[in-house]
Amino acid sequence: MGARPTTKTKPQHSVAYRQMCKRLREMREAARLTQRDVAKKLKKPHSTVYKIEHGERRIDPIEFIRWCRVCGVDPGGALNQLRA
């Protein structure tokens with residue numbers, strides 16, 4: 001029997017991705033918005049916001065920008081914080 005193949009961690013489960021999910025939640029909370037508030041402004045089901053914050057659903061760059069704006073955060077600044 002051969003060696004078991006190694007599995008790579010999916011990108012949404014990487015440390016950097018989990019940090020981004022945490023930062024998205026922190027932005028929402030700092031803006032005093034509920035998941036439902038953000039979902040309504042993004043015109044998405046509230047389950048989408050939950051899944052993004054918990055890393056169960058990927059967020060695309062356009063959604064990231066819209067999320068930041070909904071929370072009153074500069075998207076460029078948010079990206080720079082993630083890079084640090």
# chains A, B, ... in the order shown; residues from 1 in each chain; ligands from 1
$ residues_around --residues "Cys71 in chain A" --least-positions-apart "3" --cutoff "7 Å" --atoms "only C-alpha atoms" --output "list in words"
Met27, Arg28, Ala31, Trp67 and Cys68 of chain A
$ write_last_selection --atoms "C-alpha atoms" --output "JSON list (two decimals), in the first residue's frame"
[["chain", "number", "residue", "atom", "x", "y", "z"],
["A", 27, "MET", "CA", -15.76, 45.94, 10.97],
["A", 28, "ARG", "CA", -19.44, 45.04, 11.11],
["A", 31, "ALA", "CA", -20.21, 49.90, 12.71],
["A", 67, "TRP", "CA", -18.86, 45.19, 2.77],
["A", 68, "CYS", "CA", -16.22, 47.75, 3.75]]
$ residues_around --residues "Ile59 in chain A" --least-positions-apart "5" --cutoff "10 Å" --atoms "only C-alpha atoms" --output "ChimeraX atom specification"
/A:12,20-21,48-49,51-53,64-65,67
$ closest_atom_pairs --of "range 14-38 of chain A" --to "range 74-84 of chain A" --cutoff "9 Å" --atoms "only C-alpha atoms" --output "CSV"
residue,atom,partner,partner_atom,distance
A:Ala16,CA,A:Leu82,CA,7.9
A:Gln19,CA,A:Leu82,CA,7.6
A:Met20,CA,A:Leu82,CA,6.6
A:Arg23,CA,A:Leu82,CA,8.1
